[in-house]
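Trainee: Can you keep this structure in mind? I'll have questions shortly.
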Amino acid sequence: MDSLALILRAAALSPNPDERKASERKLNQLGLTISNKTKFNFDYSKMCFQLQHTPQHLVRLLQIAVDGNCDMAVRQIASIQFKNFIAKNWSPEGSSAGEQQRILQSDKQLVRDNILVYVIQVPTLLRSQLGECLKTIIHADYPEQWPRLLDWVNYNLQNQQIYGALFVLRILSRKYEFKSDEERTPVTRILELPKKLYDINVFNAWMILFLTVSERPVPVEGQPTDPELRKSWGWWKVKKWTVQILNRLDSRFGDPTLQTPESKPFAQMFQKSYAGRILEGHLKFLNTIRVGGYLPDRITNLLLQYLRNSISKKSTYDLLLPRLDVLLFEIVFPLMCFTDSDQKLWEEDPHEYVRKGYNIIEDLYSPRTASMDFVNELVKKRGKENLPKFVQFVVGIFRSYDDAPAEHKPYRRKDGAMLAVGALCDKLKQTDPYKSELEHMLVQYIFPEFNSPAGHLRAKAAWVAGQYAHINFSDQNNFRKALHSVVSGMRDPDLPVRVDSVFALRSFVEACKDLNEIRPILPQLLDEFFKLMNEVENEDLVFTLETIVDKFGEEMAPYAFGLCQNLAAAFWRCLNTSEASDDSDDMGALAAVGCLRAISTILESVSSLPQLFVEIEPTILPIMQKMLTSDGQDVFEEVLEIASYMTFYSPNISLGIWSLWPLIVEALVDWAIDYFSNILVPMDNFISRGTAHFLTCKEPDYQQSLYNVLSTLMTDRNIEDSEIESAPKLIEVVFQNCKGHVDHWVEPYLRLTIDRLQRAETSYLKSLLVQVVANMLYYNPSLTFGVLHNTGLASIVFDLWFLMLQQKKKSGLPANFKREHDKKVCCLGLTSLLALPGGQFPDEAMQRVFRATLDLLVAYKNQLAAMQASDAQRFQNLNQSLDFTYQAIANGIAQDAEVRRVEIEKEKQKKAAEAAVTFVPAI
């Protein structure tokens with residue numbers, strides 16, 4: 001085994017962490033350097049091609065990745081290294097033509113010649129890594145280095161070698177997510193085709209392939225009978241990726257009016273030559289459903305997406321129009337109805353039924369969601385001719401359902417009709433004559449299904465009622481009836497009905513004008529909530545609970561402790577589910593976030609009852625202790641909000657809550673710099689509300705800890721100004737709250753502040769840093785000025801400070817220190833200097849300070865006056881909260897404000913008159 005394989009083996013399999021790290025460092029070195037000193041003899045019987053040159057780093061990685069005799073963990077690391085090396089070095093940005101390339105051209109050619117074969121042969125675990133490599137290579141080199149790629153795909157399709165063709169199709173579909181050849185940064189949606197594909201001959205050749213594959217019938221022979229295996233069968237995958245490519249091309253070029261002048265001719269060609277043929281092919285494909293054939297859900301979804309996008313374009317809508325009724329009533333509407341598979345899932349796994357129904361990712365694959373989107377787009381863009389006939393069709397289903405005997409009622413078609421009514425709620429609420437008939441429609445056709453023998457209709461009734469909860473009911477008894485029916489649905493024997501009822505309840509709580517409708521049943525409601533939360537992990541459940549807590553406010557106090565206990569328990573369950581799941585769309589993780597948000601809402605609602613925070617703390621402290629580490633990166637912001645409430649509203653900060661400080665500090669230095677503004681709040685609370693503990697505790701030493709973290713961040717030249725704006729604010733908190741107790745920190749913090757001030761680029765950070773100096777002067781003017789003078793920093797600080805005070809915007813307003821707080825802090829700092837002995841502060845400098853202070857006081861007075869003039873009630877409320885002395889000052893400012901207000905009004909009138917004169921036409 002060669003040395004690279006040994007290194008990979010150590011990195012993958014060694015139980016010794018130091019050995020693994022050493023291997024990783026070695027891999028990084030190898031990834032940056034091509035070694036010409038070491039030669040290896042490959043076992044050619046294990047390779048599918050013969051190497052004609054001395055193997056280099058990239059080729060050796062590929063050889064290990066595809067070597068079936070190597071340990072899979074080693075092969076996986078090799079494939080990851082191979083992918084990363086190609087991504088960085090195959091076509092590195094910024095490299096010049098004469099610059100030596102990191103990959104030999106001979107090695108590149110070996111990779112090109114064989115990767116298409118290898119990507120098919122390797123296990124699935126490795127295929128995605130090599131597929132990413134193939135995407136990078138084809139994107140960089142096509143068509144110059146792949147002149148026969150199209151022939152290769154055609155050959156594979158004709159000879160039933162579909163997986164090779166499938167991989168290239170997948171790569172091409174993803175390829176269009178790149179902006180251009182020069183800019184390989186992936187973007188959210190298609191922006192530009194690679195320039196090479198603008199060649200009409202190249203593009204036409206590929207389009208012929210895509211259309212041929214799209215229109216070609218899927219072979220019947222060989223299709224699996226199992227639905228899960230069938231949808232993943234190779235030919236259906238080829239169909240799926242082909243349809244996706246066509247859809248992406250259409251979304252990029254389907255509307256020539258949205259193109260740049262350069263791309264408009266190409267888009268016009270695409271629209272004229274291909275859009276109609278794609279539409280015809282998609283309609284024919286969808287007809288498979290109408291005649292009872294099989295079509296995978298994802299493909300159905302993609303086909304309907306294309307048709308939805310065709311509605312707004314005249315040329316494609318004109319082609320669609322003759323087939324629209326068949327499409328709408330015989331294909332789209334049946335997809336909206338309850339099905340056999342729905343019924344099976346409802347009965348066998350109701351939890352999975354609920355998960356699929358409320359999962360955003362599932363919507364990407366759902367024919368039902370795509371059908372609803374199609375109908376919505378149709379009535380939105382072409383509603384005049386289509387909304388009346390669709391509403392008439394739905395009402396016809398309602399009536400036929402009512403007329404049919406119980407044993408023959410079309411339960412599933414009514415389910416689809418109710419879904420349509422709910423999906424069209426926004427349109428129907430705004431459109432005459434339907435908006436005046438909605439209450440009647442609900443009472444006659446929807447509310448009776450609260451008592452339906454079919455569980456799915458009971459669930460749909462709750463959902464539709466929730467969609468229309470905000471309409472103006474002419475008879476409040478109808479609103480009340482729907483509300484109580486939804487509440488009763490929370491005790492339904494079928495889980496999906498209970499879940500839909502809880503979601504509908506949120507709308508009714510928001511729309512409820514008289515909370516006495518809910519207040520008497522609040523305890524029972526909460527009990528049903530927590531029973532359901534024990535069964536289902538879903539963030540929408542918690543949203544409803546948040547709405548109730550927010551609506552009832554302090555009335556939730558008797559339930560706050562129990563709510564937090566239940567939410568904490570639900571959080572741990574969701575977290576455990578999320579950690580055990582490999583799904584990127586795991587609903588447990590989303591529900592966990594919802595639980596934390598709900599806890600924050602509860603804490604806010606009982607903020608006036610500090611003793612409750614003492615009772616709640618043991619329940620939520622373990623959550624904060626775990627999730628303020630790297631384990632909680634996905635919920636870090638939510639946990640910090642809870643910590644902010646606990647440090648601010650509790651009667652005092654307990655030792656348990658203080659245990660969060662080291663976790664927050666460690667996270668801030670390691671990875672949480674983006675959350676610094678969120679971290680500032682609890683850190684401020686720790687210092688300002690727990691000042692004595694902050695000053696006296698030595699294990700840990702919070703003062704030293706704070707300085708260490710701020711020093712680390714403020715001296716880091718890679719951290720931008722905007723990322724550390726909270727740092728000077730924290731220093732400000734220390735000197736404002738610890739007067740007389742932190743003299744020994746004046747010089748270290750001053751040096752740290754001024755060092756960053758000299759490198760700061762943004763005016764806002766400069767203002768914050770100057771205010772740190774102002775706070776220190778206010779804290780102890782003699783000590784602070786002495787440090788500035790002795791370190792030679794005084795002139796640097798004051799010159800910059802006075803310059804910033806003088807700078808104005810074009811409007812004449814101050815360019816710096818814009819807030820009331822900024823002016824106040826500067827005033828306090830500068831006026832502190834006036835108390836220094838004459839010999840300590842030169843008279844000339846004192847005159848500058850005196851003038852600057854007067855200017856600041858005038859600006860501060862004017863700002864307060866402007867507030868009084870613009871918001872007299874707010875000023876009055878603030879005034880009443882002051883003692884007599886400050887009221888007198890405020891009243892003086894109020895008088896100034898009135899004078900200033902009159903002056904401003906006169907100035908406005910004068911300017912208006914001057915403007916009028918200016919624009920009088922000459923006679």
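In the structure tokens, each chain is lettered A, B, ... as it comes, each chain's residues begin at 1, and ligands are numbered from 1 in order of appearance.
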Need the shell around A:Asn472: protein/DNA/RNA residues with any atom at most 10 Å away, counting only C-alpha atoms. Skip same-chain ones fewer than 2 positions apart. Format as a CSV table (one decimal) with all heavy atoms, in the first residue's frame?

Mentor:
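Result saved to result_28.csv:
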chain,number,residue,atom,x,y,z
A,436,SER,N,-69.4,37.7,-0.8
A,436,SER,CA,-70.6,37.9,0.0
A,436,SER,C,-71.3,36.6,0.3
A,436,SER,O,-72.2,36.5,1.1
A,436,SER,CB,-71.6,38.8,-0.7
A,436,SER,OG,-71.9,38.3,-2.0
A,438,LEU,N,-69.5,33.6,1.1
A,438,LEU,CA,-68.6,32.7,1.8
A,438,LEU,C,-69.2,32.1,3.1
A,438,LEU,O,-69.1,30.9,3.3
A,438,LEU,CB,-67.3,33.4,2.1
A,438,LEU,CG,-66.5,33.8,0.8
A,438,LEU,CD1,-65.2,34.5,1.2
A,438,LEU,CD2,-66.1,32.5,0.0
A,439,GLU,N,-69.8,33.0,3.9
A,439,GLU,CA,-70.4,32.5,5.1
A,439,GLU,C,-71.5,31.4,4.8
A,439,GLU,O,-71.5,30.4,5.5
A,439,GLU,CB,-71.0,33.6,5.9
A,439,GLU,CG,-71.6,33.2,7.3
A,439,GLU,CD,-72.1,34.4,8.1
A,439,GLU,OE1,-71.9,35.5,7.7
A,439,GLU,OE2,-72.6,34.1,9.2
A,468,TYR,N,-60.9,30.4,6.6
A,468,TYR,CA,-61.9,31.5,6.5
A,468,TYR,C,-62.3,32.1,7.8
A,468,TYR,O,-63.3,32.8,7.9
A,468,TYR,CB,-63.2,31.0,5.8
A,468,TYR,CG,-63.0,30.7,4.3
A,468,TYR,CD1,-62.6,29.4,3.9
A,468,TYR,CD2,-63.1,31.7,3.4
A,468,TYR,CE1,-62.4,29.2,2.5
A,468,TYR,CE2,-62.9,31.5,2.0
A,468,TYR,CZ,-62.6,30.2,1.6
A,468,TYR,OH,-62.3,30.0,0.3
A,469,ALA,N,-61.5,31.8,8.9
A,469,ALA,CA,-61.9,32.3,10.2
A,469,ALA,C,-61.9,33.8,10.3
A,469,ALA,O,-62.6,34.4,11.1
A,469,ALA,CB,-60.9,31.7,11.2
A,470,HIS,N,-61.2,34.5,9.4
A,470,HIS,CA,-61.1,36.0,9.5
A,470,HIS,C,-62.1,36.7,8.7
A,470,HIS,O,-62.1,37.9,8.7
A,470,HIS,CB,-59.7,36.4,9.1
A,470,HIS,CG,-58.6,36.0,10.0
A,470,HIS,ND1,-57.9,34.8,9.9
A,470,HIS,CD2,-58.0,36.7,11.0
A,470,HIS,CE1,-57.0,34.7,10.8
A,470,HIS,NE2,-57.0,35.9,11.5
A,474,SER,N,-71.7,37.5,9.5
A,474,SER,CA,-72.9,38.3,9.8
A,474,SER,C,-73.6,37.8,11.0
A,474,SER,O,-74.3,38.6,11.7
A,474,SER,CB,-73.9,38.4,8.6
A,474,SER,OG,-74.3,37.0,8.2
A,475,ASP,N,-73.5,36.5,11.2
A,475,ASP,CA,-74.1,35.9,12.4
A,475,ASP,C,-73.0,35.3,13.2
A,475,ASP,O,-72.3,34.3,12.8
A,475,ASP,CB,-75.1,34.8,11.9
A,475,ASP,CG,-75.8,34.1,13.1
A,475,ASP,OD1,-75.4,34.4,14.3
A,475,ASP,OD2,-76.7,33.3,12.9
A,476,GLN,N,-72.7,35.9,14.4
A,476,GLN,CA,-71.6,35.5,15.2
A,476,GLN,C,-71.8,34.1,15.7
A,476,GLN,O,-70.8,33.4,16.1
A,476,GLN,CB,-71.4,36.4,16.4
A,476,GLN,CG,-70.7,37.7,16.0
A,476,GLN,CD,-69.3,37.4,15.4
A,476,GLN,OE1,-68.4,36.8,16.0
A,476,GLN,NE2,-69.0,38.0,14.2
A,479,PHE,N,-69.7,31.9,13.6
A,479,PHE,CA,-68.2,31.9,14.1
A,479,PHE,C,-68.1,31.0,15.3
A,479,PHE,O,-67.2,30.2,15.4
A,479,PHE,CB,-67.8,33.3,14.3
A,479,PHE,CG,-66.4,33.4,14.9
A,479,PHE,CD1,-65.3,33.5,14.0
A,479,PHE,CD2,-66.1,33.4,16.2
A,479,PHE,CE1,-64.0,33.6,14.4
A,479,PHE,CE2,-64.8,33.5,16.7
A,479,PHE,CZ,-63.8,33.6,15.8
A,511,ALA,N,-58.6,35.6,15.2
A,511,ALA,CA,-59.8,36.3,14.7
A,511,ALA,C,-60.8,36.6,15.8
A,511,ALA,O,-61.7,37.4,15.6
A,511,ALA,CB,-60.5,35.5,13.6

Trainee: Would you kindly return, as a VMD selection string, each protein, DNA or RNA residue with an atom no farther than 10 Å from any atom of A:Met804, considering only C-alpha atoms and excluding same-chain residues fewer than 5 positions away?

Mentor: chain A and resid 763 766 to 767 770 798 to 799 814 to 817

Trainee: So what do you get for atom CA of A:Leu788 versus atom CA of A:Ile754, distance-wise?

Mentor: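 Atom CA of A:Leu788 sits 9.9 Å away from atom CA of A:Ile754.
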
Trainee: Between atom CA of A:Thr300 and atom CA of A:Tyr365, what is the spacing in Å?

Mentor: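 Atom CA of A:Tyr365 sits 8.2 Å away from atom CA of A:Thr300.
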